[in-house]
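run_2.cif follows; it contains mmCIF, C-alpha atoms.
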```
data_model
loop_
_atom_site.label_atom_id
_atom_site.label_comp_id
_atom_site.auth_asym_id
_atom_site.auth_seq_id
_atom_site.Cartn_x
_atom_site.Cartn_y
_atom_site.Cartn_z
CA MET A 65 56.12 18.95 -31.50
CA CYS A 66 56.22 20.06 -35.13
CA ALA A 67 58.35 22.95 -36.32
CA ALA A 68 55.40 25.35 -36.79
CA SER A 69 54.25 24.73 -33.23
CA VAL A 70 57.74 25.46 -31.90
CA VAL A 71 58.00 28.68 -33.91
CA LEU A 72 54.53 29.84 -32.85
CA ALA A 73 55.12 28.87 -29.21
CA ALA A 74 58.26 30.98 -29.23
CA GLY A 75 56.22 33.97 -30.40
CA GLY A 76 57.36 33.87 -34.01
CA THR A 77 55.46 33.38 -37.22
CA ALA A 78 55.24 30.23 -39.25
CA ARG A 79 56.74 30.15 -42.73
CA ALA A 80 55.45 27.92 -45.53
CA GLN A 81 58.32 25.45 -45.08
CA ASP A 82 57.54 25.20 -41.34
CA VAL A 83 53.91 24.19 -41.84
CA PRO A 84 53.50 20.44 -41.41
CA THR A 85 52.66 18.40 -44.47
CA VAL A 86 50.04 15.69 -44.82
CA SER A 87 52.73 13.07 -44.32
CA ASP A 88 53.30 14.31 -40.74
CA PRO A 89 51.43 11.65 -38.70
CA THR A 90 50.80 13.97 -35.75
CA VAL A 91 48.83 16.37 -37.94
CA SER A 92 47.32 14.29 -40.70
CA GLY A 93 45.72 11.76 -38.35
CA SER A 94 43.82 14.33 -36.37
CA THR A 95 42.94 16.31 -39.49
CA VAL A 96 41.60 13.21 -41.21
CA VAL A 97 39.60 12.28 -38.12
CA GLU A 98 38.16 15.83 -38.00
CA ARG A 99 37.19 15.63 -41.67
CA ILE A 100 35.57 12.23 -41.07
CA ALA A 101 33.57 13.81 -38.25
CA LYS A 102 32.48 16.64 -40.55
CA PHE A 103 31.21 14.26 -43.22
CA ARG A 104 29.63 11.98 -40.61
CA GLU A 105 27.70 14.90 -39.09
CA GLU A 106 26.57 16.04 -42.54
CA THR A 107 25.41 12.51 -43.38
CA TRP A 108 23.47 12.26 -40.13
CA ARG A 109 21.94 15.72 -40.60
CA TRP A 110 20.54 14.75 -44.01
CA GLN A 111 19.40 11.36 -42.74
CA ARG A 112 17.52 12.99 -39.87
CA LEU A 113 15.88 15.48 -42.20
CA MET A 114 14.74 12.72 -44.56
CA ARG A 115 13.81 10.41 -41.67
CA ARG A 116 16.21 7.73 -42.75
CA PRO A 117 18.00 5.42 -40.31
CA ARG A 118 21.21 6.86 -39.00
CA THR A 119 24.35 5.15 -40.30
CA PRO A 120 26.09 3.56 -37.32
CA TYR A 121 29.51 4.77 -36.25
CA TYR A 122 31.84 2.83 -33.98
CA GLY A 123 34.74 5.28 -33.61
CA TYR A 124 37.39 3.15 -35.29
CA PRO A 125 39.23 6.05 -36.99
CA GLU A 126 39.88 7.58 -33.57
CA ARG A 127 41.14 4.31 -32.09
CA TRP A 128 43.10 2.93 -35.02
CA THR A 129 46.12 4.94 -36.06
CA SER A 130 46.52 3.43 -39.52
CA GLU A 131 46.58 6.30 -42.01
CA VAL A 132 45.47 3.94 -44.78
CA PHE A 133 42.41 2.96 -42.76
CA ARG A 134 41.68 6.59 -41.85
CA GLN A 135 41.90 7.66 -45.50
CA TRP A 136 39.58 4.81 -46.46
CA ALA A 137 37.10 5.83 -43.73
CA LEU A 138 37.29 9.44 -44.91
CA GLU A 139 36.37 8.40 -48.46
CA VAL A 140 33.52 6.22 -47.19
CA TRP A 141 32.00 9.06 -45.14
CA ARG A 142 32.58 11.58 -47.93
CA GLY A 143 30.67 9.31 -50.31
CA ARG A 144 27.85 8.86 -47.82
CA ALA A 145 27.56 12.61 -47.29
CA LEU A 146 27.46 13.23 -51.04
CA ARG A 147 24.78 10.58 -51.57
CA MET A 148 22.65 11.93 -48.73
CA ARG A 149 23.04 15.51 -49.99
CA ALA A 150 21.95 14.39 -53.47
CA ALA A 151 18.99 12.45 -52.06
CA ALA A 152 17.91 15.43 -49.94
CA GLY A 153 18.12 17.66 -53.00
CA SER A 154 15.56 15.49 -54.78
CA PRO A 155 12.56 15.28 -52.45
CA PRO A 156 9.45 13.49 -53.63
CA ARG A 157 6.99 15.66 -55.57
CA LEU A 158 9.53 18.47 -55.87
CA SER A 159 7.67 20.16 -58.74
CA ALA A 160 4.49 20.25 -56.64
CA TRP A 161 6.29 21.86 -53.70
CA LEU A 162 7.90 24.42 -55.97
CA CYS A 163 4.51 25.24 -57.47
CA ILE A 164 3.08 25.80 -53.97
CA HIS A 165 6.12 27.90 -53.10
CA ARG A 166 5.61 30.16 -56.13
CA ARG A 167 2.15 30.99 -54.80
CA GLU A 168 3.12 31.34 -51.13
CA GLY A 169 6.08 33.71 -51.25
CA PRO A 170 9.86 33.82 -50.76
CA TRP A 171 11.69 31.16 -48.76
CA THR A 172 12.57 33.77 -46.15
CA ALA A 173 9.01 35.10 -45.75
CA ASN A 174 8.25 36.46 -42.28
CA THR A 175 5.38 38.84 -42.92
CA GLY A 176 3.96 38.90 -39.41
CA ASN A 177 0.81 36.98 -40.31
CA GLY A 178 1.79 33.89 -38.28
CA TYR A 179 3.08 31.95 -41.29
CA TYR A 180 6.75 31.50 -42.11
CA GLY A 181 8.95 30.43 -44.99
CA GLY A 182 8.36 29.67 -48.62
CA LEU A 183 5.60 27.19 -47.85
CA GLN A 184 3.93 29.44 -45.24
CA MET A 185 4.01 27.09 -42.26
CA ASP A 186 2.46 28.19 -38.98
CA LEU A 187 4.07 27.41 -35.62
CA THR A 188 1.76 24.48 -34.88
CA PHE A 189 2.75 22.88 -38.19
CA GLN A 190 6.44 23.53 -37.50
CA ARG A 191 6.19 21.98 -34.03
CA MET A 192 4.35 18.95 -35.37
CA TYR A 193 6.71 18.12 -38.25
CA GLY A 194 9.96 20.03 -37.72
CA LEU A 195 10.40 20.46 -33.97
CA TYR A 196 14.16 19.85 -34.00
CA LEU A 197 14.63 22.49 -36.73
CA LEU A 198 12.39 24.90 -34.85
CA ARG A 199 14.50 24.39 -31.72
CA SER A 200 17.86 24.60 -33.46
CA LYS A 201 17.26 27.24 -36.15
CA GLY A 202 14.12 29.08 -35.16
CA ARG A 203 11.04 29.53 -37.33
CA ALA A 204 10.76 28.22 -40.89
CA HIS A 205 11.91 31.43 -42.57
CA ARG A 206 15.40 30.61 -41.23
CA TRP A 207 15.41 27.09 -42.64
CA THR A 208 16.89 26.24 -46.00
CA PRO A 209 14.45 25.61 -48.86
CA THR A 210 15.42 21.93 -48.77
CA GLU A 211 14.58 21.72 -45.06
CA GLN A 212 11.25 23.46 -45.61
CA ILE A 213 10.32 21.06 -48.39
CA TRP A 214 11.29 17.97 -46.40
CA ILE A 215 9.16 19.11 -43.46
CA ALA A 216 6.26 19.53 -45.91
CA VAL A 217 6.99 16.01 -47.22
CA ARG A 218 6.62 14.72 -43.65
CA ALA A 219 3.19 16.32 -43.40
CA TYR A 220 2.24 14.92 -46.79
CA ARG A 221 3.34 11.42 -45.81
CA SER A 222 1.49 11.62 -42.50
CA GLY A 223 -1.76 11.67 -44.46
CA ARG A 224 -2.38 15.40 -44.71
CA GLY A 225 -1.51 15.51 -48.38
CA PHE A 226 -1.45 19.01 -49.87
CA TYR A 227 -4.41 20.18 -47.75
CA PRO A 228 -2.36 22.44 -45.44
CA TRP A 229 -1.98 24.65 -48.55
CA PRO A 230 -5.56 24.59 -49.89
CA ASN A 231 -5.52 27.61 -52.19
CA ALA A 232 -2.01 27.13 -53.55
CA ALA A 233 -2.48 23.38 -54.01
CA ARG A 234 -5.79 23.93 -55.79
CA ALA A 235 -4.16 26.50 -58.07
CA CYS A 236 -1.42 23.98 -58.84
CA GLY A 237 -3.96 21.26 -59.58
CA LEU A 238 -2.88 19.10 -56.64
CA ILE A 239 -6.29 18.90 -54.91
#
```
Using the file provided, produce a representation of the structure as structure tokens.
Amino acid sequence: MCAASVVLAAGGTARAQDVPTVSDPTVSGSTVVERIAKFREETWRWQRLMRRPRTPYYGYPERWTSEVFRQWALEVWRGRALRMRAAAGSPPRLSAWLCIHRREGPWTANTGNGYYGGLQMDLTFQRMYGLYLLRSKGRAHRWTPTEQIWIAVRAYRSGRGFYPWPNAARACGLI
């Protein structure tokens, strides 16, 4: 048990010199594994949103106690998360979606007319293209702008094009 745990278990308070350092294997290993899990979940979240294959994970950092390996795995997953975040931030036809958004309203629009978010998606549209977001976050006005755009990209790629937004798309010169 580390010194901070002993002090806290005894009802005291931990001082700066009692807090374990990164070199403490009992703390750093679990902390590194937790950070790997955070980056892994972020990577998978972006991959799911963009409909990309999920990067496989075999649980080696949890089973192998090598700090060198765990640090390497942390850097690998951090890099993957950064690349996926960057890719998600650059959806196809971004300028077209932003043009439609400018004509549809704020990203948090919930005006009571049955359409939600900055791209004014109705519930049928949300169920068809963003069911997991609808279940986990609620209607589109609670989604991030990036999530709203990627759901619109799914509809576009399914063959619907910009036709779910006829007036805004026409005003933007897209149809």
- Here CA of Ala152 (chain A) and CA of Thr210 (chain A) stand apart by 7.1 Å
Given 8 Å on each side, where is the centre and what are the edge lengths in Å to one decimal of the axis-aligned box enclosing the listed atoms of region 211-230 of chain A, as JSON?
```
{"center_x": 4.5, "center_y": 18.0, "center_z": -46.2, "size_x": 36.1, "size_y": 29.2, "size_z": 23.4}
```
- Surrounding residues of Trp110 (chain A) excluding itself and chain neighbours under 5 positions, 12 Å, all atoms listed in the file, as a PyMOL selection string: chain A and resi 103-105+115-119+144-155+210-211+214
- Task: Please evaluate the PyMOL selection byres ((chain A and resi 226) around 10) against the structure above and give the resulting residues as a PyMOL selection string.
- Result: chain A and resi 160-161+164+216-217+219-221+223-225+227-234+238-239
Can you list, as an mmCIF file with C-alpha atoms, in the coordinates of the input, the residues that the PyMOL selection byres ((chain A and resi 208) around 12) selects here?
```cif
data_model
loop_
_atom_site.group_PDB
_atom_site.id
_atom_site.type_symbol
_atom_site.label_atom_id
_atom_site.label_comp_id
_atom_site.auth_asym_id
_atom_site.auth_seq_id
_atom_site.Cartn_x
_atom_site.Cartn_y
_atom_site.Cartn_z
ATOM 1 C CA LEU A 113 15.880 15.480 -42.200
ATOM 2 C CA ALA A 152 17.910 15.430 -49.940
ATOM 3 C CA GLY A 153 18.120 17.660 -53.000
ATOM 4 C CA PRO A 170 9.860 33.820 -50.760
ATOM 5 C CA TRP A 171 11.690 31.160 -48.760
ATOM 6 C CA THR A 172 12.570 33.770 -46.150
ATOM 7 C CA ALA A 173 9.010 35.100 -45.750
ATOM 8 C CA GLY A 181 8.950 30.430 -44.990
ATOM 9 C CA GLY A 182 8.360 29.670 -48.620
ATOM 10 C CA LEU A 183 5.600 27.190 -47.850
ATOM 11 C CA LEU A 197 14.630 22.490 -36.730
ATOM 12 C CA LYS A 201 17.260 27.240 -36.150
ATOM 13 C CA GLY A 202 14.120 29.080 -35.160
ATOM 14 C CA ARG A 203 11.040 29.530 -37.330
ATOM 15 C CA ALA A 204 10.760 28.220 -40.890
ATOM 16 C CA HIS A 205 11.910 31.430 -42.570
ATOM 17 C CA ARG A 206 15.400 30.610 -41.230
ATOM 18 C CA TRP A 207 15.410 27.090 -42.640
ATOM 19 C CA PRO A 209 14.450 25.610 -48.860
ATOM 20 C CA THR A 210 15.420 21.930 -48.770
ATOM 21 C CA GLU A 211 14.580 21.720 -45.060
ATOM 22 C CA GLN A 212 11.250 23.460 -45.610
ATOM 23 C CA ILE A 213 10.320 21.060 -48.390
ATOM 24 C CA TRP A 214 11.290 17.970 -46.400
ATOM 25 C CA ILE A 215 9.160 19.110 -43.460
#
```
- Message: Under the rule that all atoms listed in the file are counted, which of A:Tyr179, A:Pro156, A:Arg167, A:Ser94 is the nearest residue to Met114 (chain A)?
- Response: A:Pro156
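Picture a line from CA of Gly169 (chain A) to CA of Ala235 (chain A); it runs 14.3 Å.
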